[in-house]
Amino acid sequence: MPFQDVPARVDDYAKQEHEVLQLWKDTDAFQTLRTLHAGQPKWSFLDGPVTANNPLGVHHGWGRTYKDVFNRFWTMRGRELRYQNGFDCQGLWVEVEVEKELGFRSKRDIETYGLDAFVRKCKERVLRFAAVQTEQSTRLGYWMDWNDPDHLRELATALMESPLQRMTVQGPRGEVTDTVEQLVGRLGMPDLGGSYFTFSNENNYMIWTFLKQCWQRGWLYCGADVMPWCSRCATGISQHEIVTDGYQELTHTSITLRLPLRGRQGESLLVWTTTPWTLPSNVVAAVGPELTYVKVRQGDEVLYLSKGTLHMLRGAYEVLGEMPGSVLEGWTYDGPFDHLEAARRPGGNGALRDLAQDVSVCAAEAHRVVLWDEVSETEGTGIVHVAPGCGAEDFRLGKEHNLPILAPLDEEGYVLAGFGDFSGQHVSALLDGIRQTLIDSGCLYHVEPYTHRYPTCWRCATELVFRLVDEWFISMDELRHAMMEMTKQIRWIPAFGLDRELDWLRNMHDWMISKKRYWGLALPFWECDACGHYEVIGDDRELAARAVAGWEDFEGHTPHRPYIDAVKIACSTCGGQMQRITDVANPWLDAGIVSFSTLGYRTEREAWRDWYPAHWISESFPGQFRNWFYSLLAMGTVLENSPPFKECFGYATLIAEDGRAMHKSWGNAIEFNEAADRMGVDVMRWLYCAHKPENNLPFGYQRADEVRRQFLIPLWNMYSFFVTYANLDGWEPDREEFEPGRPEGPTPHSDNVLDTWIVARLNQVTERCTTSLQDSDTHAATLAIAAFLDDLSNWYIRRSRRRYWKSTHDTDKHTAYATLYHVLVKLIKLLAPLTPFVTEVMYQNLVRAMQPAAYDSVHHCDWPEVDMAVVDATLLDQMALARQITSLGLGSRGSANIKVRQPLSAALAYVHEGEAAWSETHTAIVCEELNVKSLQFVEQEAQLLSYEVLPNNKLLGPRLGAALGRVRAALTHADAGAVVQQVQSGNAVALSIDGETFELTPDEVLIRTHPAAGLAIATDRGVTVAVETDITPELRTEGLAREIVRRLQVMRRDAGFNIADRIVTYSLGDGPLADALLTWGDYVKAETLSIDLVAGAPPAEAYSEEHRIDGMTITLGVQRRVVTN
RNA sequence: GGGCCUGUAGCUCAGUUGGUGAGAGCGCACGCCUGAUAAGCGUGAGGUCGGUAGUUCGACUCUACCCAGGCCCA
């Protein structure tokens, strides 16, 4: 049973990959893999969930390739894995897309539509995109415990039609029957299997448990803060949402205004703002304690501002004096909006709890100058208008000074009551009225457009405002330090990840976890209507036990709005009725809990211990230090006081080939599906793996072509070469003692130096790959393999070709096949985790088709073992030397402009060291490659070169120290030839310098050579090679014969003959060409598989061409001849 | 303002504890080889290894400062 023929060229690698996918599906290859490795030591990979909200991009492919490579690697190393993918499901991301789908513009649209229907639409969207992403991941060759995408779609449809309908599905532990809504809520749990979904009941209740622990330790609180706020979405926008995509260059109207000082007639503070709408909420003015302020006269008024901002003045002025900021402290002023009711109400207008409880003054009374370190002169006047209800920093300053708070805006950006005519107007429409008030009060100084980076809503591009809101926070005071301890116990790749994470933790404020939206984790905080007391519920069981009303509305639903909101509990303080706050949670809680929720922390604690902490996690690092890595750490710290993962592998950002970020609108984005089918995913995966992960990865078709040309096609060519000749010779691998885990068999024995060399290289590379991948370094692995592919293709096979196509069937030929077979099979196992498709294709033919006992898939095999006994360092050195001599010889031929096809009589080589183990075989290899009749080593390099002698700094530096410089100089001036002779005969070199004698051992002297002029020579690293350039008539004749052979070979191919076809060759010509054919007739016949060489014109049915060689003409013809024997 | 990363050929990047020639791929030019190879090989042009100072016998490599770019925080 021969191998299946392999085409020399694959037209469509992507098509081939689809066939492999079908094979895996038909043979259930992934399940077989799990069975094979069940019960082995565990390697725990915890997947960072991908937001199931859109199709995957090629940047997801990068991360998923890493995940799959290491999953496959550790599986082959004999580990049991979980293979659970994760989908991130809850949060504003999904809401935004569903709102777009439904054409909604505001929260009111959602409430009109109905929370129940809206939340179901969110779930439906997640299920549908989880199905899409599952298909795309499968296409990438990512082996995970995937759900059937069609089943996910069925659930999505059923959820929209009748969520309470009961369904039965087959799970890994048997049939499961439940309502559609509950089946969706149980996805990813052990009885249903498949990917985990962060909207699952278990995920949500596990977060409740976490929050309750935080609460019990006193870390959970409801507090007020000023947040960036979108008035159209009516929600706070957290800092990381702004960072992602939120800043735009915008031009606003900036205003410079006077604040008239009380008790200083005609004198004013000059302040500047880019947000005039905040002026009616002004409470104090701040100056920098380190800054110098000036008093200036302008016309009949006196103004104060900082010395470094005098350019803010318009018109002539006179400086009256200078003073430090501290002099201004405590001065009071009149605000232009003090007539407003809000400015006259003690404590301000804040509707929020307790904020201004003990503040008895109103804003108008509070107006004074305070000191503030954060005031600078980089913009403005050095005097800052402070509105504690309208800015985060202002708010903190207000708390520090116990100031009243004016918070002017409602959820949708309209001004609240108490602000006179402004009340009821939208924040975007306030400018004119404010300007008019300033004019009327004489406070307006200057108005000017101002362009700056300003945060906008990433969803709707509305300019954000800063709004005082009640939110829920986890205090970082204590947690921060514990998390930093955990962080230090983790291995971060790249290593700077540790510093990044620690930096984030050091600077992190209290963690805001609430969001006033609809689709997300329902925060388990119940608040008493009567006394305001609140409690945190730890899970579903506790809720059931505490419920006093509304349970019947909730029962049977997942813990999401609106149903969860119906459940009331009794207040443990006053006995009143408590209801849930309506906020949902920050989605990073969802992703952070997965080391508990997906591993069975609440339900199967022993199994959880088997898989926690994860050995390895991986995500793109730019954002995740503050997101997923952070939230995992927080939950591991709170729940178990341990790091939830041991190694964190981060990678940078994928960019387009043009060096810019990929953007659809820039036309440089590449869709995942398109890339997969145009490049082939093996190419994509190699491209990903060959990159250093801490650098941004340029991705595109040009780079993919390079990978195909340099990696995939050469690999395929070698495979095709092997199969072609093995089939011609009927060679088949040994079927005795076949082990399915090691289909390459034991290391073959051979007396051929090329065989032993390539086997040594193979094991060397196997060792490097093993070490690299254990160390989470795919880049090093690809470098090692790429070098090996070059050795295999451009040296081993190239130099061994004749062994395969010679006509006798001898031991050497058999050994050649056995060796190449062994090498190819072991190589594809090394490559299998990196490029799972092409290796599978090769395996199916090389192994599976030949060995009845073979595993179904290359991915079921064991990781190749390293046979260090065959890694002979001397052998490797010698072959490296042979390649070097060859390369230099070709170089020297080139410099003499003599083609390799022209035989030459001799090559002369001088080798500085290491020729001891040189053999005749090496000589033969070099002669053949260089096309010379002999290779001679010369004793005296001086025949070819001149010398330079240098001190061996590495040895002499430590010994001589500062004297090294003088020794170097003395060596330079010494007779180099004499020194070299001393060294080469193993004697010490004595140098006399300024009456002092230095003895240098041979090791301590390095010899460098320079080629002498006038010879066709080349030199490199202590090796020198020359070729004799004299071409005798005999050599010329032989050269012509080789030239004719080459042309006949091309003609054979052009005529469409098979490589094993026998032919008759015709030649019509005379002179030296005819002589060459006569003299070298047997050679020509053997090389071209000609059974006859006919002198004369080729017959009409032969394929013939006229050739010009060295100015002479010859007509050649080839004709196929059937041989019967 | 603070933290982290990056700076090596026209472009994209390797360069393993400091050790003497500074490399690859792409692109360009010229040549070679082809009985696996629309592949490969060789040669050439092109570099103050961001800059300055320091440590050292010796720095692309270590240290400090500076410059430029990126990311994060403020």
# chains A, B, ... in the order shown; residues from 1 in each chain; ligands from 1
$ closest_atom_pairs --of "chain A" --to "chain B" --cutoff "8 Å" --atoms "only C-alpha atoms (C1' of nucleotides)" --output "JSON lines"
{"residue": "A:Ala8", "atom": "CA", "partner": "B:A36", "partner_atom": "C1'", "distance": 7.3}
{"residue": "A:Phe496", "atom": "CA", "partner": "B:C4", "partner_atom": "C1'", "distance": 7.1}
{"residue": "A:Asp499", "atom": "CA", "partner": "B:C4", "partner_atom": "C1'", "distance": 7.0}
{"residue": "A:Arg500", "atom": "CA", "partner": "B:C4", "partner_atom": "C1'", "distance": 5.9}
{"residue": "A:Asp503", "atom": "CA", "partner": "B:G3", "partner_atom": "C1'", "distance": 6.2}
{"residue": "A:Trp504", "atom": "CA", "partner": "B:C73", "partner_atom": "C1'", "distance": 7.2}
{"residue": "A:Asn507", "atom": "CA", "partner": "B:C73", "partner_atom": "C1'", "distance": 6.9}
{"residue": "A:Pro622", "atom": "CA", "partner": "B:C71", "partner_atom": "C1'", "distance": 6.9}
{"residue": "A:Arg709", "atom": "CA", "partner": "B:A39", "partner_atom": "C1'", "distance": 7.3}
{"residue": "A:Ile713", "atom": "CA", "partner": "B:A39", "partner_atom": "C1'", "distance": 7.4}
{"residue": "A:Pro714", "atom": "CA", "partner": "B:U37", "partner_atom": "C1'", "distance": 6.6}
{"residue": "A:Asn717", "atom": "CA", "partner": "B:A36", "partner_atom": "C1'", "distance": 5.2}
{"residue": "A:Met718", "atom": "CA", "partner": "B:A36", "partner_atom": "C1'", "distance": 5.9}
{"residue": "A:Ser720", "atom": "CA", "partner": "B:A36", "partner_atom": "C1'", "distance": 6.4}
{"residue": "A:Phe721", "atom": "CA", "partner": "B:A36", "partner_atom": "C1'", "distance": 4.3}
{"residue": "A:Phe722", "atom": "CA", "partner": "B:A36", "partner_atom": "C1'", "distance": 7.8}
{"residue": "A:Asn794", "atom": "CA", "partner": "B:G40", "partner_atom": "C1'", "distance": 7.3}
{"residue": "A:Ser887", "atom": "CA", "partner": "B:G42", "partner_atom": "C1'", "distance": 7.9}
{"residue": "A:Leu890", "atom": "CA", "partner": "B:G42", "partner_atom": "C1'", "distance": 7.1}
{"residue": "A:Gly891", "atom": "CA", "partner": "B:G42", "partner_atom": "C1'", "distance": 6.5}
{"residue": "A:Gly894", "atom": "CA", "partner": "B:G31", "partner_atom": "C1'", "distance": 7.6}
{"residue": "A:Lys899", "atom": "CA", "partner": "B:C32", "partner_atom": "C1'", "distance": 6.8}
{"residue": "A:Val900", "atom": "CA", "partner": "B:C32", "partner_atom": "C1'", "distance": 7.3}
{"residue": "A:Asn952", "atom": "CA", "partner": "B:U20", "partner_atom": "C1'", "distance": 7.7}
{"residue": "A:Asn953", "atom": "CA", "partner": "B:G19", "partner_atom": "C1'", "distance": 6.1}
{"residue": "A:Lys954", "atom": "CA", "partner": "B:G19", "partner_atom": "C1'", "distance": 5.0}
{"residue": "A:Gly957", "atom": "CA", "partner": "B:C57", "partner_atom": "C1'", "distance": 5.1}
{"residue": "A:Pro958", "atom": "CA", "partner": "B:C57", "partner_atom": "C1'", "distance": 7.6}
{"residue": "A:Leu960", "atom": "CA", "partner": "B:C57", "partner_atom": "C1'", "distance": 7.3}
{"residue": "A:Gly961", "atom": "CA", "partner": "B:C57", "partner_atom": "C1'", "distance": 4.7}
{"residue": "A:Ala962", "atom": "CA", "partner": "B:C57", "partner_atom": "C1'", "distance": 4.8}
{"residue": "A:Ala963", "atom": "CA", "partner": "B:C57", "partner_atom": "C1'", "distance": 7.1}
{"residue": "A:Leu964", "atom": "CA", "partner": "B:C57", "partner_atom": "C1'", "distance": 5.4}
{"residue": "A:Gly965", "atom": "CA", "partner": "B:C57", "partner_atom": "C1'", "distance": 6.7}
{"residue": "A:Arg1021", "atom": "CA", "partner": "B:G21", "partner_atom": "C1'", "distance": 7.7}
{"residue": "A:Gln1049", "atom": "CA", "partner": "B:G35", "partner_atom": "C1'", "distance": 6.9}
{"residue": "A:Ile1059", "atom": "CA", "partner": "B:G35", "partner_atom": "C1'", "distance": 6.3}
$ residues_around --residues "stretch 192-207 of chain A" --least-positions-apart "3" --cutoff "7 Å" --atoms "only C-alpha atoms (C1' of nucleotides)" --output "ChimeraX atom specification"
/A:84-90,145-147,171-172,185-189,210-211,521,539-540,558-559,590-591,593,597-598
$ select_by_dssp --residues "stretch 924-1086 of chain A" --states "helix (DSSP H, G or I)" --output "ChimeraX atom specification"
/A:924-930,941-943,953-973,976-984,1002-1004,1033-1054,1072-1079,1081-1086
$ write_last_selection --atoms "C-alpha atoms" --output "mmCIF file, in the first residue's frame"
data_model
loop_
_atom_site.group_PDB
_atom_site.id
_atom_site.type_symbol
_atom_site.label_atom_id
_atom_site.label_comp_id
_atom_site.auth_asym_id
_atom_site.auth_seq_id
_atom_site.Cartn_x
_atom_site.Cartn_y
_atom_site.Cartn_z
ATOM 1 C CA ALA A 924 33.040 14.168 -0.777
ATOM 2 C CA ILE A 925 30.065 16.272 0.206
ATOM 3 C CA VAL A 926 31.991 19.488 -0.228
ATOM 4 C CA CYS A 927 33.521 18.410 -3.554
ATOM 5 C CA GLU A 928 30.177 17.482 -4.963
ATOM 6 C CA GLU A 929 28.541 20.661 -3.814
ATOM 7 C CA LEU A 930 31.421 22.802 -5.051
ATOM 8 C CA GLU A 941 47.151 29.620 5.829
ATOM 9 C CA ALA A 942 49.793 32.181 5.019
ATOM 10 C CA GLN A 943 49.812 30.813 1.492
ATOM 11 C CA ASN A 953 40.111 39.736 25.923
ATOM 12 C CA LYS A 954 37.812 37.352 27.646
ATOM 13 C CA LEU A 955 40.732 35.499 29.161
ATOM 14 C CA LEU A 956 43.275 38.267 29.401
ATOM 15 C CA GLY A 957 40.963 40.978 30.643
ATOM 16 C CA PRO A 958 40.453 39.441 34.066
ATOM 17 C CA ARG A 959 44.123 38.405 34.283
ATOM 18 C CA LEU A 960 45.862 41.558 33.107
ATOM 19 C CA GLY A 961 43.359 44.307 33.822
ATOM 20 C CA ALA A 962 44.622 47.664 32.702
ATOM 21 C CA ALA A 963 47.806 46.165 31.215
ATOM 22 C CA LEU A 964 45.675 44.683 28.469
ATOM 23 C CA GLY A 965 45.921 47.795 26.364
ATOM 24 C CA ARG A 966 49.691 47.628 26.254
ATOM 25 C CA VAL A 967 49.671 43.937 25.464
ATOM 26 C CA ARG A 968 47.264 44.590 22.620
ATOM 27 C CA ALA A 969 49.564 47.241 21.218
ATOM 28 C CA ALA A 970 52.598 44.964 21.498
ATOM 29 C CA LEU A 971 50.787 42.172 19.697
ATOM 30 C CA THR A 972 49.784 44.480 16.903
ATOM 31 C CA HIS A 973 53.410 45.327 16.287
ATOM 32 C CA ALA A 976 52.128 38.097 13.139
ATOM 33 C CA GLY A 977 53.433 35.099 11.199
ATOM 34 C CA ALA A 978 55.815 34.173 13.989
ATOM 35 C CA VAL A 979 53.177 34.549 16.662
ATOM 36 C CA VAL A 980 50.750 32.406 14.690
ATOM 37 C CA GLN A 981 53.363 29.717 14.320
ATOM 38 C CA GLN A 982 54.015 29.734 18.065
ATOM 39 C CA VAL A 983 50.342 29.528 18.823
ATOM 40 C CA GLN A 984 49.602 26.814 16.306
ATOM 41 C CA PRO A 1002 48.003 29.883 22.952
ATOM 42 C CA ASP A 1003 44.436 30.241 24.209
ATOM 43 C CA GLU A 1004 45.096 33.826 25.054
ATOM 44 C CA PRO A 1033 40.215 21.302 -21.942
ATOM 45 C CA GLU A 1034 39.079 18.155 -20.121
ATOM 46 C CA LEU A 1035 37.314 20.207 -17.484
ATOM 47 C CA ARG A 1036 35.736 22.327 -20.166
ATOM 48 C CA THR A 1037 34.368 19.272 -21.961
ATOM 49 C CA GLU A 1038 32.901 17.955 -18.739
ATOM 50 C CA GLY A 1039 31.355 21.347 -18.064
ATOM 51 C CA LEU A 1040 29.734 21.339 -21.484
ATOM 52 C CA ALA A 1041 28.344 17.864 -20.828
ATOM 53 C CA ARG A 1042 26.791 19.086 -17.599
ATOM 54 C CA GLU A 1043 25.337 22.047 -19.397
ATOM 55 C CA ILE A 1044 23.728 19.758 -21.945
ATOM 56 C CA VAL A 1045 22.376 17.548 -19.173
ATOM 57 C CA ARG A 1046 20.762 20.490 -17.439
ATOM 58 C CA ARG A 1047 19.099 21.584 -20.679
ATOM 59 C CA LEU A 1048 17.854 18.083 -21.343
ATOM 60 C CA GLN A 1049 16.357 17.969 -17.866
ATOM 61 C CA VAL A 1050 14.451 21.172 -18.501
ATOM 62 C CA MET A 1051 13.288 19.735 -21.824
ATOM 63 C CA ARG A 1052 12.067 16.569 -20.098
ATOM 64 C CA ARG A 1053 9.984 18.726 -17.819
ATOM 65 C CA ASP A 1054 8.718 20.969 -20.603
ATOM 66 C CA PRO A 1072 33.224 20.610 -28.686
ATOM 67 C CA LEU A 1073 29.560 19.940 -27.891
ATOM 68 C CA ALA A 1074 29.563 16.750 -29.912
ATOM 69 C CA ASP A 1075 32.872 15.800 -28.292
ATOM 70 C CA ALA A 1076 31.370 16.311 -24.881
ATOM 71 C CA LEU A 1077 28.443 14.054 -25.715
ATOM 72 C CA LEU A 1078 30.820 11.445 -26.996
ATOM 73 C CA THR A 1079 33.210 11.581 -24.059
ATOM 74 C CA GLY A 1081 27.839 9.760 -23.121
ATOM 75 C CA ASP A 1082 27.318 7.353 -20.234
ATOM 76 C CA TYR A 1083 27.092 10.186 -17.801
ATOM 77 C CA VAL A 1084 24.535 11.999 -19.923
ATOM 78 C CA LYS A 1085 22.506 8.850 -20.352
ATOM 79 C CA ALA A 1086 22.486 8.107 -16.648
#
$ residues_around --residues "A:Thr582" --least-positions-apart "6" --cutoff "12 Å" --atoms "only C-alpha atoms (C1' of nucleotides)" --output "PyMOL selection string"
chain A and resi 115+471-472+514-527+560-567
$ write_last_selection --atoms "N, CA and C atoms" --output "PDB file, in the first residue's frame"
ATOM      1  N   LEU A 115     -38.536  45.762  30.140  1.00  0.00           N
ATOM      2  CA  LEU A 115     -37.244  45.233  30.577  1.00  0.00           C
ATOM      3  C   LEU A 115     -37.106  43.745  30.261  1.00  0.00           C
ATOM      4  N   GLU A 471     -22.937  55.902  43.808  1.00  0.00           N
ATOM      5  CA  GLU A 471     -22.547  54.626  43.220  1.00  0.00           C
ATOM      6  C   GLU A 471     -22.014  53.722  44.319  1.00  0.00           C
ATOM      7  N   TRP A 472     -21.887  52.446  43.953  1.00  0.00           N
ATOM      8  CA  TRP A 472     -21.385  51.466  44.909  1.00  0.00           C
ATOM      9  C   TRP A 472     -19.926  51.172  44.633  1.00  0.00           C
ATOM     10  N   SER A 514     -21.062  49.736  40.295  1.00  0.00           N
ATOM     11  CA  SER A 514     -22.476  49.815  39.926  1.00  0.00           C
ATOM     12  C   SER A 514     -22.676  50.587  38.628  1.00  0.00           C
ATOM     13  N   LYS A 515     -23.805  50.341  38.021  1.00  0.00           N
ATOM     14  CA  LYS A 515     -24.135  51.022  36.784  1.00  0.00           C
ATOM     15  C   LYS A 515     -25.655  51.095  36.701  1.00  0.00           C
ATOM     16  N   LYS A 516     -26.143  52.265  36.338  1.00  0.00           N
ATOM     17  CA  LYS A 516     -27.599  52.445  36.348  1.00  0.00           C
ATOM     18  C   LYS A 516     -28.176  52.016  35.002  1.00  0.00           C
ATOM     19  N   ARG A 517     -28.102  50.712  34.760  1.00  0.00           N
ATOM     20  CA  ARG A 517     -28.571  50.178  33.485  1.00  0.00           C
ATOM     21  C   ARG A 517     -29.422  48.936  33.708  1.00  0.00           C
ATOM     22  N   TYR A 518     -29.547  48.112  32.650  1.00  0.00           N
ATOM     23  CA  TYR A 518     -30.549  47.035  32.679  1.00  0.00           C
ATOM     24  C   TYR A 518     -29.984  45.635  32.546  1.00  0.00           C
ATOM     25  N   TRP A 519     -29.030  45.472  31.641  1.00  0.00           N
ATOM     26  CA  TRP A 519     -28.570  44.113  31.330  1.00  0.00           C
ATOM     27  C   TRP A 519     -27.226  43.877  32.024  1.00  0.00           C
ATOM     28  N   GLY A 520     -27.291  43.120  33.094  1.00  0.00           N
ATOM     29  CA  GLY A 520     -26.045  42.820  33.779  1.00  0.00           C
ATOM     30  C   GLY A 520     -26.339  42.111  35.068  1.00  0.00           C
ATOM     31  N   LEU A 521     -25.274  41.850  35.794  1.00  0.00           N
ATOM     32  CA  LEU A 521     -25.424  41.237  37.099  1.00  0.00           C
ATOM     33  C   LEU A 521     -26.291  42.139  37.961  1.00  0.00           C
ATOM     34  N   ALA A 522     -27.323  41.534  38.578  1.00  0.00           N
ATOM     35  CA  ALA A 522     -28.151  42.310  39.499  1.00  0.00           C
ATOM     36  C   ALA A 522     -27.405  42.407  40.822  1.00  0.00           C
ATOM     37  N   LEU A 523     -27.014  43.621  41.191  1.00  0.00           N
ATOM     38  CA  LEU A 523     -26.270  43.758  42.448  1.00  0.00           C
ATOM     39  C   LEU A 523     -27.167  43.312  43.599  1.00  0.00           C
ATOM     40  N   PRO A 524     -26.669  42.458  44.478  1.00  0.00           N
ATOM     41  CA  PRO A 524     -27.523  41.849  45.506  1.00  0.00           C
ATOM     42  C   PRO A 524     -27.640  42.729  46.744  1.00  0.00           C
ATOM     43  N   PHE A 525     -27.931  44.005  46.531  1.00  0.00           N
ATOM     44  CA  PHE A 525     -28.003  44.939  47.646  1.00  0.00           C
ATOM     45  C   PHE A 525     -29.470  45.320  47.860  1.00  0.00           C
ATOM     46  N   TRP A 526     -29.990  44.982  49.020  1.00  0.00           N
ATOM     47  CA  TRP A 526     -31.374  45.306  49.333  1.00  0.00           C
ATOM     48  C   TRP A 526     -31.392  46.443  50.346  1.00  0.00           C
ATOM     49  N   GLU A 527     -32.241  47.396  50.088  1.00  0.00           N
ATOM     50  CA  GLU A 527     -32.256  48.605  50.908  1.00  0.00           C
ATOM     51  C   GLU A 527     -33.635  48.737  51.549  1.00  0.00           C
ATOM     52  N   HIS A 560     -31.856  38.074  36.789  1.00  0.00           N
ATOM     53  CA  HIS A 560     -31.671  39.319  36.047  1.00  0.00           C
ATOM     54  C   HIS A 560     -32.884  40.204  36.230  1.00  0.00           C
ATOM     55  N   ARG A 561     -32.703  41.466  35.880  1.00  0.00           N
ATOM     56  CA  ARG A 561     -33.836  42.349  35.852  1.00  0.00           C
ATOM     57  C   ARG A 561     -34.795  41.900  34.745  1.00  0.00           C
ATOM     58  N   PRO A 562     -36.091  42.121  34.830  1.00  0.00           N
ATOM     59  CA  PRO A 562     -36.763  42.802  35.943  1.00  0.00           C
ATOM     60  C   PRO A 562     -37.181  41.868  37.071  1.00  0.00           C
ATOM     61  N   TYR A 563     -37.091  40.525  36.827  1.00  0.00           N
ATOM     62  CA  TYR A 563     -37.739  39.614  37.774  1.00  0.00           C
ATOM     63  C   TYR A 563     -37.083  39.644  39.151  1.00  0.00           C
ATOM     64  N   ILE A 564     -35.775  39.774  39.176  1.00  0.00           N
ATOM     65  CA  ILE A 564     -35.093  39.766  40.470  1.00  0.00           C
ATOM     66  C   ILE A 564     -35.534  40.963  41.319  1.00  0.00           C
ATOM     67  N   ASP A 565     -35.928  42.052  40.625  1.00  0.00           N
ATOM     68  CA  ASP A 565     -36.313  43.264  41.349  1.00  0.00           C
ATOM     69  C   ASP A 565     -37.603  43.073  42.154  1.00  0.00           C
ATOM     70  N   ALA A 566     -38.339  42.018  41.811  1.00  0.00           N
ATOM     71  CA  ALA A 566     -39.632  41.822  42.480  1.00  0.00           C
ATOM     72  C   ALA A 566     -39.474  41.290  43.903  1.00  0.00           C
ATOM     73  N   VAL A 567     -38.325  40.663  44.173  1.00  0.00           N
ATOM     74  CA  VAL A 567     -38.181  39.977  45.460  1.00  0.00           C
ATOM     75  C   VAL A 567     -37.917  40.978  46.583  1.00  0.00           C
TER      76      VAL A 567
END
$ residues_around --residues "B:A53" --least-positions-apart "5" --cutoff "12 Å" --atoms "only C-alpha atoms (C1' of nucleotides)" --output "short mmCIF file (atom, residue, chain, number, x, y, z; two decimals) with N, CA and C atoms (P, O5', C5', C4', C3', O3' and C1' of nucleotides), in the first residue's frame"
data_model
loop_
_atom_site.label_atom_id
_atom_site.label_comp_id
_atom_site.auth_asym_id
_atom_site.auth_seq_id
_atom_site.Cartn_x
_atom_site.Cartn_y
_atom_site.Cartn_z
P U B 63 20.51 48.68 33.76
"O5'" U B 63 21.32 49.85 34.47
"C5'" U B 63 21.73 49.72 35.83
"C4'" U B 63 22.41 50.99 36.27
"C3'" U B 63 21.69 52.28 35.89
"O3'" U B 63 20.66 52.59 36.81
"C1'" U B 63 23.97 52.48 35.33
P A B 64 19.40 53.44 36.32
"O5'" A B 64 20.05 54.89 36.23
"C5'" A B 64 20.46 55.58 37.41
"C4'" A B 64 21.06 56.90 37.03
"C3'" A B 64 20.19 57.77 36.13
"O3'" A B 64 19.22 58.49 36.86
"C1'" A B 64 22.39 57.69 35.27
P C B 65 17.84 58.84 36.17
"O5'" C B 65 18.23 60.02 35.19
"C5'" C B 65 18.66 61.27 35.71
"C4'" C B 65 19.30 62.09 34.62
"C3'" C B 65 18.42 62.40 33.42
"O3'" C B 65 17.53 63.46 33.65
"C1'" C B 65 20.53 61.67 32.67
P C B 66 16.11 63.45 32.89
"O5'" C B 66 16.53 63.80 31.40
"C5'" C B 66 17.14 65.07 31.12
"C4'" C B 66 17.63 65.10 29.69
"C3'" C B 66 16.58 64.82 28.62
"O3'" C B 66 15.80 65.96 28.34
"C1'" C B 66 18.52 63.56 28.16
#
$ atom_distance --atom1 "atom CA of A:Glu412" --atom2 "atom CA of A:Leu220"
27.7 Å
$ select_by_dssp --residues "stretch 313-435 of chain A" --states "strand (DSSP E)" --output "ChimeraX atom specification"
/A:318-324,369-371,383-386
$ residues_around --residues "A:Glu154" --least-positions-apart "6" --cutoff "12 Å" --atoms "only C-alpha atoms (C1' of nucleotides)" --output "count of residues only"
15
$ residues_around --residues "stretch 483-488 of chain A" --least-positions-apart "3" --cutoff "8 Å" --atoms "only C-alpha atoms (C1' of nucleotides)" --output "VMD selection string"
chain A and resid 479 to 480 491 498 501 to 502 505 633 to 634 637 641 to 643
$ write_last_selection --atoms "N, CA and C atoms" --output "short mmCIF file (atom, residue, chain, number, x, y, z; two decimals), in the first residue's frame"
data_model
loop_
_atom_site.label_atom_id
_atom_site.label_comp_id
_atom_site.auth_asym_id
_atom_site.auth_seq_id
_atom_site.Cartn_x
_atom_site.Cartn_y
_atom_site.Cartn_z
N LEU A 479 -7.61 45.99 50.58
CA LEU A 479 -7.51 45.01 49.50
C LEU A 479 -6.28 45.25 48.62
N ARG A 480 -5.99 46.51 48.41
CA ARG A 480 -4.89 46.89 47.53
C ARG A 480 -3.59 46.16 47.93
N ARG A 491 4.08 34.67 37.91
CA ARG A 491 5.05 34.94 36.86
C ARG A 491 4.37 35.71 35.74
N LEU A 498 4.55 42.63 35.81
CA LEU A 498 4.51 42.77 37.27
C LEU A 498 4.48 44.24 37.66
N GLU A 501 1.12 45.90 36.72
CA GLU A 501 0.00 45.55 37.59
C GLU A 501 0.16 46.23 38.95
N LEU A 502 1.38 46.22 39.47
CA LEU A 502 1.60 46.86 40.77
C LEU A 502 1.33 48.35 40.69
N LEU A 505 -2.33 48.88 40.76
CA LEU A 505 -2.89 48.65 42.10
C LEU A 505 -2.54 49.79 43.05
N LEU A 633 -7.54 38.88 40.21
CA LEU A 633 -6.73 39.00 41.42
C LEU A 633 -7.60 39.42 42.61
N ALA A 634 -8.51 40.36 42.36
CA ALA A 634 -9.35 40.83 43.45
C ALA A 634 -10.16 39.68 44.03
N THR A 637 -8.09 37.06 45.86
CA THR A 637 -7.61 37.60 47.13
C THR A 637 -8.73 37.60 48.17
N ASN A 641 -7.63 34.34 49.46
CA ASN A 641 -6.35 34.94 49.77
C ASN A 641 -5.20 34.22 49.06
N SER A 642 -5.42 33.96 47.75
CA SER A 642 -4.37 33.30 46.99
C SER A 642 -4.42 33.80 45.56
N PRO A 643 -3.28 33.72 44.87
CA PRO A 643 -3.29 34.16 43.46
C PRO A 643 -4.05 33.16 42.62
#
